[in-house]
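S.K.: I am sharing coords.pdb, which consists of PDB, N, CA, C and O atoms and all ligand atoms:
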```
ATOM      1  N   MET A   1    -108.063 -71.094  81.071
ATOM      2  CA  MET A   1    -108.099 -72.290  81.930
ATOM      3  C   MET A   1    -106.690 -72.602  82.433
ATOM      4  O   MET A   1    -105.758 -72.760  81.645
ATOM      5  N   LEU A   2    -106.534 -72.704  83.706
ATOM      6  CA  LEU A   2    -105.229 -72.970  84.304
ATOM      7  C   LEU A   2    -104.949 -74.471  84.348
ATOM      8  O   LEU A   2    -105.744 -75.242  84.856
ATOM      9  N   GLU A   3    -103.811 -74.854  83.803
ATOM     10  CA  GLU A   3    -103.458 -76.275  83.745
ATOM     11  C   GLU A   3    -102.198 -76.521  84.571
ATOM     12  O   GLU A   3    -101.098 -76.574  84.047
ATOM     13  N   VAL A   4    -102.332 -76.637  85.863
ATOM     14  CA  VAL A   4    -101.152 -76.805  86.709
ATOM     15  C   VAL A   4    -100.574 -78.203  86.655
ATOM     16  O   VAL A   4     -99.410 -78.409  86.952
ATOM     17  N   ARG A   5    -101.397 -79.182  86.265
ATOM     18  CA  ARG A   5    -100.889 -80.545  86.257
ATOM     19  C   ARG A   5    -100.671 -81.046  84.830
ATOM     20  O   ARG A   5    -100.606 -82.231  84.580
ATOM     21  N   GLY A   6    -100.563 -80.121  83.903
ATOM     22  CA  GLY A   6    -100.457 -80.508  82.504
ATOM     23  C   GLY A   6     -99.047 -80.829  82.055
ATOM     24  O   GLY A   6     -98.083 -80.612  82.785
ATOM     25  N   PHE A   7     -98.950 -81.330  80.856
ATOM     26  CA  PHE A   7     -97.668 -81.563  80.208
ATOM     27  C   PHE A   7     -97.321 -80.338  79.378
ATOM     28  O   PHE A   7     -98.215 -79.653  78.883
ATOM     29  N   ASP A   8     -96.046 -80.087  79.188
ATOM     30  CA  ASP A   8     -95.718 -78.925  78.358
ATOM     31  C   ASP A   8     -95.834 -79.266  76.864
ATOM     32  O   ASP A   8     -95.947 -80.423  76.483
ATOM     33  N   GLU A   9     -95.830 -78.227  76.047
ATOM     34  CA  GLU A   9     -96.079 -78.404  74.610
ATOM     35  C   GLU A   9     -95.058 -79.328  73.947
ATOM     36  O   GLU A   9     -95.415 -80.142  73.106
ATOM     37  N   ALA A  10     -93.802 -79.209  74.348
ATOM     38  CA  ALA A  10     -92.755 -80.031  73.725
ATOM     39  C   ALA A  10     -93.012 -81.512  73.990
ATOM     40  O   ALA A  10     -92.867 -82.354  73.094
ATOM     41  N   THR A  11     -93.405 -81.843  75.228
ATOM     42  CA  THR A  11     -93.707 -83.232  75.581
ATOM     43  C   THR A  11     -94.891 -83.741  74.770
ATOM     44  O   THR A  11     -94.844 -84.823  74.188
ATOM     45  N   LYS A  12     -95.936 -82.940  74.718
ATOM     46  CA  LYS A  12     -97.133 -83.351  73.984
ATOM     47  C   LYS A  12     -96.832 -83.579  72.503
ATOM     48  O   LYS A  12     -97.282 -84.564  71.923
ATOM     49  N   LYS A  13     -96.049 -82.694  71.920
ATOM     50  CA  LYS A  13     -95.741 -82.834  70.491
ATOM     51  C   LYS A  13     -94.896 -84.081  70.235
ATOM     52  O   LYS A  13     -95.118 -84.794  69.265
ATOM     53  N   ALA A  14     -93.939 -84.345  71.126
ATOM     54  CA  ALA A  14     -93.090 -85.530  70.966
ATOM     55  C   ALA A  14     -93.925 -86.802  71.069
ATOM     56  O   ALA A  14     -93.786 -87.720  70.253
ATOM     57  N   VAL A  15     -94.802 -86.860  72.072
ATOM     58  CA  VAL A  15     -95.652 -88.043  72.249
ATOM     59  C   VAL A  15     -96.606 -88.188  71.067
ATOM     60  O   VAL A  15     -96.801 -89.279  70.533
ATOM     61  N   TYR A  16     -97.169 -87.076  70.644
ATOM     62  CA  TYR A  16     -98.089 -87.097  69.497
ATOM     63  C   TYR A  16     -97.412 -87.668  68.254
ATOM     64  O   TYR A  16     -97.956 -88.520  67.568
ATOM     65  N   THR A  17     -96.190 -87.206  67.985
ATOM     66  CA  THR A  17     -95.470 -87.639  66.790
ATOM     67  C   THR A  17     -95.194 -89.145  66.817
ATOM     68  O   THR A  17     -95.460 -89.854  65.846
ATOM     69  N   THR A  18     -94.685 -89.638  67.945
ATOM     70  CA  THR A  18     -94.393 -91.068  68.089
ATOM     71  C   THR A  18     -95.665 -91.903  67.957
ATOM     72  O   THR A  18     -95.724 -92.870  67.198
ATOM     73  N   GLN A  19     -96.675 -91.506  68.700
ATOM     74  CA  GLN A  19     -97.928 -92.250  68.726
ATOM     75  C   GLN A  19     -98.577 -92.275  67.333
ATOM     76  O   GLN A  19     -99.084 -93.306  66.904
ATOM     77  N   THR A  20     -98.543 -91.152  66.657
ATOM     78  CA  THR A  20     -99.187 -91.056  65.352
ATOM     79  C   THR A  20     -98.459 -91.875  64.296
ATOM     80  O   THR A  20     -99.101 -92.561  63.491
ATOM     81  N   SER A  21     -97.128 -91.865  64.314
ATOM     82  CA  SER A  21     -96.424 -92.631  63.286
ATOM     83  C   SER A  21     -96.606 -94.132  63.510
ATOM     84  O   SER A  21     -96.775 -94.887  62.559
ATOM     85  N   LYS A  22     -96.624 -94.574  64.767
ATOM     86  CA  LYS A  22     -96.900 -95.992  65.057
ATOM     87  C   LYS A  22     -98.305 -96.380  64.614
ATOM     88  O   LYS A  22     -98.519 -97.415  63.989
ATOM     89  N   ALA A  23     -99.270 -95.564  64.970
ATOM     90  CA  ALA A  23    -100.667 -95.846  64.648
ATOM     91  C   ALA A  23    -100.883 -95.869  63.142
ATOM     92  O   ALA A  23    -101.581 -96.732  62.605
ATOM     93  N   ASP A  24    -100.253 -94.942  62.464
ATOM     94  CA  ASP A  24    -100.399 -94.825  61.023
ATOM     95  C   ASP A  24     -99.884 -96.086  60.318
ATOM     96  O   ASP A  24    -100.507 -96.594  59.397
ATOM     97  N   LYS A  25     -98.775 -96.620  60.796
ATOM     98  CA  LYS A  25     -98.214 -97.846  60.221
ATOM     99  C   LYS A  25     -99.153 -99.033  60.391
ATOM    100  O   LYS A  25     -99.247 -99.901  59.546
ATOM    101  N   LYS A  26     -99.820 -99.076  61.534
ATOM    102  CA  LYS A  26    -100.743-100.177  61.812
ATOM    103  C   LYS A  26    -102.131 -99.949  61.220
ATOM    104  O   LYS A  26    -102.987-100.814  61.282
ATOM    105  N   GLY A  27    -102.372 -98.769  60.707
ATOM    106  CA  GLY A  27    -103.693 -98.444  60.176
ATOM    107  C   GLY A  27    -104.739 -98.254  61.262
ATOM    108  O   GLY A  27    -105.926 -98.516  61.057
ATOM    109  N   GLU A  28    -104.273 -97.841  62.425
ATOM    110  CA  GLU A  28    -105.177 -97.633  63.557
ATOM    111  C   GLU A  28    -105.261 -96.158  63.905
ATOM    112  O   GLU A  28    -104.409 -95.373  63.517
ATOM    113  N   SER A  29    -106.243 -95.831  64.726
ATOM    114  CA  SER A  29    -106.334 -94.466  65.221
ATOM    115  C   SER A  29    -105.146 -94.161  66.122
ATOM    116  O   SER A  29    -104.651 -95.037  66.840
ATOM    117  N   ASN A  30    -104.725 -92.918  66.105
ATOM    118  CA  ASN A  30    -103.662 -92.526  67.031
ATOM    119  C   ASN A  30    -104.201 -92.226  68.428
ATOM    120  O   ASN A  30    -103.436 -91.936  69.332
ATOM    121  N   CYS A  31    -105.499 -92.325  68.621
ATOM    122  CA  CYS A  31    -106.052 -92.343  69.976
ATOM    123  C   CYS A  31    -106.204 -93.810  70.372
ATOM    124  O   CYS A  31    -106.968 -94.531  69.738
ATOM    125  N   PRO A  32    -105.476 -94.275  71.388
ATOM    126  CA  PRO A  32    -105.533 -95.693  71.747
ATOM    127  C   PRO A  32    -106.942 -96.159  72.114
ATOM    128  O   PRO A  32    -107.281 -97.320  71.907
ATOM    129  N   HIS A  33    -107.731 -95.268  72.639
ATOM    130  CA  HIS A  33    -109.100 -95.650  73.000
ATOM    131  C   HIS A  33    -109.974 -95.803  71.764
ATOM    132  O   HIS A  33    -110.803 -96.709  71.700
ATOM    133  N   CYS A  34    -109.782 -94.935  70.780
ATOM    134  CA  CYS A  34    -110.509 -95.081  69.512
ATOM    135  C   CYS A  34    -110.070 -96.360  68.793
ATOM    136  O   CYS A  34    -110.882 -97.050  68.185
ATOM    137  N   ALA A  35    -108.776 -96.672  68.875
ATOM    138  CA  ALA A  35    -108.222 -97.811  68.139
ATOM    139  C   ALA A  35    -108.831 -99.137  68.566
ATOM    140  O   ALA A  35    -108.909-100.076  67.777
ATOM    141  N   ILE A  36    -109.262 -99.237  69.834
ATOM    142  CA  ILE A  36    -109.872-100.490  70.291
ATOM    143  C   ILE A  36    -111.400-100.455  70.168
ATOM    144  O   ILE A  36    -112.074-101.397  70.546
ATOM    145  N   GLY A  37    -111.915 -99.373  69.641
ATOM    146  CA  GLY A  37    -113.360 -99.252  69.466
ATOM    147  C   GLY A  37    -113.828 -99.931  68.187
ATOM    148  O   GLY A  37    -113.044-100.539  67.465
ATOM    149  N   HIS A  38    -115.093 -99.822  67.929
ATOM    150  CA  HIS A  38    -115.652-100.504  66.759
ATOM    151  C   HIS A  38    -116.365 -99.547  65.819
ATOM    152  O   HIS A  38    -117.078 -99.978  64.933
ATOM    153  N   ASP A  39    -116.202 -98.280  66.027
ATOM    154  CA  ASP A  39    -116.883 -97.355  65.124
ATOM    155  C   ASP A  39    -115.907 -96.773  64.093
ATOM    156  O   ASP A  39    -114.758 -97.212  63.985
ATOM    157  N   ALA A  40    -116.382 -95.803  63.357
ATOM    158  CA  ALA A  40    -115.591 -95.234  62.262
ATOM    159  C   ALA A  40    -114.291 -94.586  62.734
ATOM    160  O   ALA A  40    -113.345 -94.465  61.975
ATOM    161  N   ASN A  41    -114.241 -94.205  63.988
ATOM    162  CA  ASN A  41    -113.041 -93.537  64.493
ATOM    163  C   ASN A  41    -111.872 -94.476  64.755
ATOM    164  O   ASN A  41    -110.799 -94.021  65.105
ATOM    165  N   LYS A  42    -112.072 -95.789  64.604
ATOM    166  CA  LYS A  42    -110.997 -96.695  65.010
ATOM    167  C   LYS A  42    -109.763 -96.613  64.123
ATOM    168  O   LYS A  42    -108.696 -97.061  64.521
ATOM    169  N   SER A  43    -109.900 -96.030  62.945
ATOM    170  CA  SER A  43    -108.703 -95.811  62.134
ATOM    171  C   SER A  43    -108.468 -94.320  61.873
ATOM    172  O   SER A  43    -107.727 -93.942  60.974
ATOM    173  N   LYS A  44    -109.083 -93.486  62.682
ATOM    174  CA  LYS A  44    -108.972 -92.043  62.473
ATOM    175  C   LYS A  44    -107.662 -91.501  63.050
ATOM    176  O   LYS A  44    -107.312 -91.789  64.184
ATOM    177  N   ILE A  45    -106.956 -90.753  62.230
ATOM    178  CA  ILE A  45    -105.762 -90.052  62.713
ATOM    179  C   ILE A  45    -106.180 -88.628  63.081
ATOM    180  O   ILE A  45    -106.530 -87.831  62.233
ATOM    181  N   TRP A  46    -106.174 -88.382  64.365
ATOM    182  CA  TRP A  46    -106.558 -87.059  64.858
ATOM    183  C   TRP A  46    -105.396 -86.084  64.675
ATOM    184  O   TRP A  46    -104.239 -86.475  64.761
ATOM    185  N   SER A  47    -105.738 -84.832  64.467
ATOM    186  CA  SER A  47    -104.682 -83.826  64.405
ATOM    187  C   SER A  47    -104.276 -83.453  65.835
ATOM    188  O   SER A  47    -105.016 -83.714  66.796
ATOM    189  N   PHE A  48    -103.121 -82.863  65.950
ATOM    190  CA  PHE A  48    -102.603 -82.495  67.273
ATOM    191  C   PHE A  48    -103.626 -81.663  68.061
ATOM    192  O   PHE A  48    -103.822 -81.876  69.253
ATOM    193  N   ASN A  49    -104.272 -80.749  67.357
ATOM    194  CA  ASN A  49    -105.223 -79.859  68.036
ATOM    195  C   ASN A  49    -106.517 -80.543  68.458
ATOM    196  O   ASN A  49    -107.305 -79.975  69.201
ATOM    197  N   GLU A  50    -106.744 -81.737  67.939
ATOM    198  CA  GLU A  50    -107.950 -82.481  68.308
ATOM    199  C   GLU A  50    -107.696 -83.428  69.472
ATOM    200  O   GLU A  50    -108.579 -84.175  69.877
ATOM    201  N   MET A  51    -106.477 -83.412  69.992
ATOM    202  CA  MET A  51    -106.120 -84.331  71.066
ATOM    203  C   MET A  51    -105.651 -83.579  72.310
ATOM    204  O   MET A  51    -105.277 -82.415  72.233
ATOM    205  N   ASP A  52    -105.679 -84.277  73.426
ATOM    206  CA  ASP A  52    -105.178 -83.718  74.672
ATOM    207  C   ASP A  52    -104.292 -84.749  75.354
ATOM    208  O   ASP A  52    -104.485 -85.944  75.190
ATOM    209  N   ALA A  53    -103.359 -84.262  76.139
ATOM    210  CA  ALA A  53    -102.464 -85.166  76.852
ATOM    211  C   ALA A  53    -103.183 -85.782  78.045
ATOM    212  O   ALA A  53    -103.992 -85.135  78.706
ATOM    213  N   ASP A  54    -102.876 -87.038  78.281
ATOM    214  CA  ASP A  54    -103.478 -87.754  79.393
ATOM    215  C   ASP A  54    -102.374 -88.422  80.210
ATOM    216  O   ASP A  54    -101.369 -88.855  79.668
ATOM    217  N   HIS A  55    -102.566 -88.490  81.530
ATOM    218  CA  HIS A  55    -101.634 -89.216  82.388
ATOM    219  C   HIS A  55    -101.964 -90.699  82.353
ATOM    220  O   HIS A  55    -103.092 -91.085  82.669
ATOM    221  N   VAL A  56    -101.006 -91.534  81.971
ATOM    222  CA  VAL A  56    -101.238 -92.976  81.946
ATOM    223  C   VAL A  56    -101.535 -93.451  83.368
ATOM    224  O   VAL A  56    -102.520 -94.146  83.612
ATOM    225  N   SER A  57    -100.690 -93.094  84.323
ATOM    226  CA  SER A  57    -101.016 -93.270  85.737
ATOM    227  C   SER A  57    -101.613 -91.958  86.212
ATOM    228  O   SER A  57    -101.015 -90.907  86.032
ATOM    229  N   ALA A  58    -102.769 -92.003  86.806
ATOM    230  CA  ALA A  58    -103.485 -90.780  87.164
ATOM    231  C   ALA A  58    -102.631 -89.860  88.027
ATOM    232  O   ALA A  58    -101.965 -90.311  88.960
ATOM    233  N   TRP A  59    -102.693 -88.616  87.682
ATOM    234  CA  TRP A  59    -101.957 -87.608  88.427
ATOM    235  C   TRP A  59    -102.385 -87.616  89.895
ATOM    236  O   TRP A  59    -101.567 -87.510  90.806
ATOM    237  N   SER A  60    -103.663 -87.816  90.123
ATOM    238  CA  SER A  60    -104.196 -87.838  91.492
ATOM    239  C   SER A  60    -103.689 -89.034  92.284
ATOM    240  O   SER A  60    -103.785 -89.083  93.499
ATOM    241  N   LYS A  61    -103.151 -90.057  91.576
ATOM    242  CA  LYS A  61    -102.608 -91.234  92.267
ATOM    243  C   LYS A  61    -101.093 -91.243  92.229
ATOM    244  O   LYS A  61    -100.455 -92.287  92.356
ATOM    245  N   GLY A  62    -100.505 -90.096  91.993
ATOM    246  CA  GLY A  62     -99.053 -89.989  92.050
ATOM    247  C   GLY A  62     -98.348 -90.100  90.714
ATOM    248  O   GLY A  62     -97.122 -90.119  90.663
ATOM    249  N   GLY A  63     -99.104 -90.207  89.633
ATOM    250  CA  GLY A  63     -98.499 -90.242  88.295
ATOM    251  C   GLY A  63     -97.806 -88.927  88.009
ATOM    252  O   GLY A  63     -98.320 -87.862  88.326
ATOM    253  N   LYS A  64     -96.630 -89.007  87.426
ATOM    254  CA  LYS A  64     -95.861 -87.796  87.179
ATOM    255  C   LYS A  64     -96.215 -87.172  85.831
ATOM    256  O   LYS A  64     -96.678 -87.857  84.927
ATOM    257  N   SER A  65     -95.955 -85.890  85.709
ATOM    258  CA  SER A  65     -96.130 -85.204  84.421
ATOM    259  C   SER A  65     -94.838 -85.273  83.615
ATOM    260  O   SER A  65     -94.269 -84.259  83.247
ATOM    261  N   ASP A  66     -94.361 -86.479  83.357
ATOM    262  CA  ASP A  66     -93.208 -86.583  82.466
ATOM    263  C   ASP A  66     -93.581 -87.409  81.234
ATOM    264  O   ASP A  66     -94.660 -88.007  81.162
ATOM    265  N   ILE A  67     -92.669 -87.436  80.289
ATOM    266  CA  ILE A  67     -93.005 -87.975  78.971
ATOM    267  C   ILE A  67     -93.382 -89.449  79.015
ATOM    268  O   ILE A  67     -94.209 -89.913  78.244
ATOM    269  N   LYS A  68     -92.825 -90.208  79.950
ATOM    270  CA  LYS A  68     -93.129 -91.640  80.022
ATOM    271  C   LYS A  68     -94.551 -91.900  80.511
ATOM    272  O   LYS A  68     -95.103 -92.972  80.321
ATOM    273  N   ASN A  69     -95.109 -90.932  81.177
ATOM    274  CA  ASN A  69     -96.459 -91.094  81.714
ATOM    275  C   ASN A  69     -97.487 -90.334  80.880
ATOM    276  O   ASN A  69     -98.592 -90.096  81.328
ATOM    277  N   CYS A  70     -97.090 -89.971  79.674
ATOM    278  CA  CYS A  70     -97.964 -89.156  78.826
ATOM    279  C   CYS A  70     -98.479 -89.966  77.646
ATOM    280  O   CYS A  70     -97.711 -90.655  76.981
ATOM    281  N   GLN A  71     -99.761 -89.904  77.400
ATOM    282  CA  GLN A  71    -100.298 -90.418  76.150
ATOM    283  C   GLN A  71    -101.285 -89.382  75.624
ATOM    284  O   GLN A  71    -101.868 -88.632  76.388
ATOM    285  N   MET A  72    -101.429 -89.359  74.317
ATOM    286  CA  MET A  72    -102.377 -88.438  73.720
ATOM    287  C   MET A  72    -103.680 -89.178  73.443
ATOM    288  O   MET A  72    -103.673 -90.273  72.887
ATOM    289  N   LEU A  73    -104.785 -88.578  73.854
ATOM    290  CA  LEU A  73    -106.111 -89.123  73.561
ATOM    291  C   LEU A  73    -106.908 -88.062  72.816
ATOM    292  O   LEU A  73    -106.681 -86.874  73.003
ATOM    293  N   CYS A  74    -107.849 -88.513  72.001
ATOM    294  CA  CYS A  74    -108.738 -87.532  71.383
ATOM    295  C   CYS A  74    -109.517 -86.836  72.505
ATOM    296  O   CYS A  74    -109.660 -87.373  73.601
ATOM    297  N   LYS A  75    -110.013 -85.643  72.225
ATOM    298  CA  LYS A  75    -110.626 -84.853  73.293
ATOM    299  C   LYS A  75    -111.825 -85.547  73.926
ATOM    300  O   LYS A  75    -112.052 -85.440  75.124
ATOM    301  N   THR A  76    -112.576 -86.281  73.125
ATOM    302  CA  THR A  76    -113.740 -86.980  73.667
ATOM    303  C   THR A  76    -113.318 -87.997  74.732
ATOM    304  O   THR A  76    -113.873 -88.034  75.822
ATOM    305  N   HIS A  77    -112.301 -88.801  74.397
ATOM    306  CA  HIS A  77    -111.872 -89.821  75.353
ATOM    307  C   HIS A  77    -111.130 -89.210  76.532
ATOM    308  O   HIS A  77    -111.230 -89.700  77.646
ATOM    309  N   ASN A  78    -110.392 -88.159  76.276
ATOM    310  CA  ASN A  78    -109.693 -87.514  77.376
ATOM    311  C   ASN A  78    -110.694 -86.985  78.396
ATOM    312  O   ASN A  78    -110.517 -87.145  79.596
ATOM    313  N   ARG A  79    -111.745 -86.375  77.902
ATOM    314  CA  ARG A  79    -112.766 -85.821  78.781
ATOM    315  C   ARG A  79    -113.493 -86.936  79.531
ATOM    316  O   ARG A  79    -113.738 -86.838  80.719
ATOM    317  N   ALA A  80    -113.792 -88.020  78.840
ATOM    318  CA  ALA A  80    -114.510 -89.129  79.456
ATOM    319  C   ALA A  80    -113.697 -89.719  80.606
ATOM    320  O   ALA A  80    -114.226 -90.069  81.653
ATOM    321  N   LYS A  81    -112.390 -89.794  80.411
ATOM    322  CA  LYS A  81    -111.518 -90.360  81.435
ATOM    323  C   LYS A  81    -111.309 -89.379  82.585
ATOM    324  O   LYS A  81    -111.327 -89.771  83.746
ATOM    325  N   GLY A  82    -111.123 -88.113  82.245
ATOM    326  CA  GLY A  82    -110.791 -87.116  83.239
ATOM    327  C   GLY A  82    -111.857 -86.844  84.265
ATOM    328  O   GLY A  82    -111.568 -86.403  85.369
ATOM    329  N   ASN A  83    -113.100 -87.121  83.917
ATOM    330  CA  ASN A  83    -114.177 -86.787  84.844
ATOM    331  C   ASN A  83    -114.454 -87.864  85.875
ATOM    332  O   ASN A  83    -115.339 -87.703  86.703
ATOM    333  N   ARG A  84    -113.725 -88.942  85.811
ATOM    334  CA  ARG A  84    -113.962 -90.004  86.779
ATOM    335  C   ARG A  84    -113.220 -89.807  88.079
ATOM    336  O   ARG A  84    -112.163 -89.209  88.097
TER
HETATM  337 ZN    ZN B   1    -110.503 -91.489  71.158
END
```
Spit out the file's structure as structure tokens when you get a sec.
M.R.:
Amino acid sequence: MLEVRGFDEATKKAVYTTQTSKADKKGESNCPHCAIGHDANKSKIWSFNEMDADHVSAWSKGGKSDIKNCQMLCKTHNRAKGNR
């Protein structure tokens, strides 16, 4: 699968690490969408391989592929958002 608008591995790992340590301290999921949910996943810490990078501002609307515009979402939420 070709990912021309993706983030590179170093960016994803850096964002994952920051997001996960913050979430872990709060006892929340490291997927921001899971964290505001009401099911069992709201405190789930996903592993790096279970998550995908997401553009906070949509790439199609001019959002850049840099670290400030990157958040990690679990694959379910990433897919749900990406198809819109
Ligand atoms: Zn999620």
S.K.: Between atom CA of A:Asp39 and atom CA of A:Gly27, measure the distance and give it in Å to one decimal.
M.R.: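 Calculated distance between atom CA of A:Asp39 and atom CA of A:Gly27 is 14.1 Å.
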S.K.: Could I get the residue neighbourhood of ligand ZN 1 (chain B) at 5 Å, counting only N, CA, C and O atoms and all ligand atoms, as number ranges by chain?
M.R.: A: 31, 33-34, 74, 77
S.K.: Tell me which of A:Ala80, A:Leu73, A:Ile45, A:Ala58 sits closest to A:Asp24, counting all atoms listed in the file.
M.R.: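 So, comparing all the options, the nearest one is A:Ile45.
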S.K.: Please indicate the distance in Å from atom O of A:Lys81 to atom O of A:Ala53, rounded to one decimal place.
M.R.: 10.0 Å
S.K.: Work out how far apart atom O of A:Lys44 and atom CA of A:Lys61 are and give it in Å to one decimal.
M.R.: 28.5 Å
S.K.: Give me the residues near A:Ile67 as JSON, numbers by chain, where near means some atom within 7 Å (using only N, CA, C and O atoms) and where sequence neighbours in that chain fewer than 4 positions away do not count.
M.R.: {"A": [11, 15, 71]}
S.K.: Around stretch 24-40 of chain A, fit a box with edges along x, y and z, padding it by 8 Å on each side, then list its centre and edge lengths in Å to one decimal as AutoDock Vina command-line options.
M.R.:
```
--center_x -107.6 --center_y -96.7 --center_z 66.2 --size_x 34.9 --size_y 25.5 --size_z 29.6
```
S.K.: Would you please work out which residue, of A:Asn41, A:Ser57, A:Asn30, A:Thr18, is nearest to A:Met72 when using all atoms listed in the file?
M.R.: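 Between A:Asn41, A:Ser57, A:Asn30, A:Thr18, the residue approaching A:Met72 most closely is A:Asn30.
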S.K.: Which residue gives the smallest distance to A:Lys42 among A:Gln19, A:Glu28, A:His55, A:Phe7, with only C-alpha atoms counted?
M.R.: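 Checking each of A:Gln19, A:Glu28, A:His55, A:Phe7 against A:Lys42, counting only C-alpha atoms, the winner is A:Glu28.
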S.K.: If we count all atoms listed in the file, what is near A:Val56 at a cut-off of 7 Å, once residues fewer than 5 positions away on the same chain are taken out, given as a list in words?
M.R.: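 Returned residues: Gly63, Lys64, Lys68, Asn69, Cys70 and Gln71 of chain A.
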S.K.: Using DSSP on the backbone coordinates, identify all residues within stretch 13-80 of chain A classified as alpha helix (DSSP H); present the result as a PyMOL selection string.
M.R.: chain A and resi 13-26+32-35+75-80
S.K.: Going by DSSP on the backbone, which bits of chain A are strand (DSSP E)? Write them as a PyMOL selection string, please.
M.R.: chain A and resi 51-55+70-74
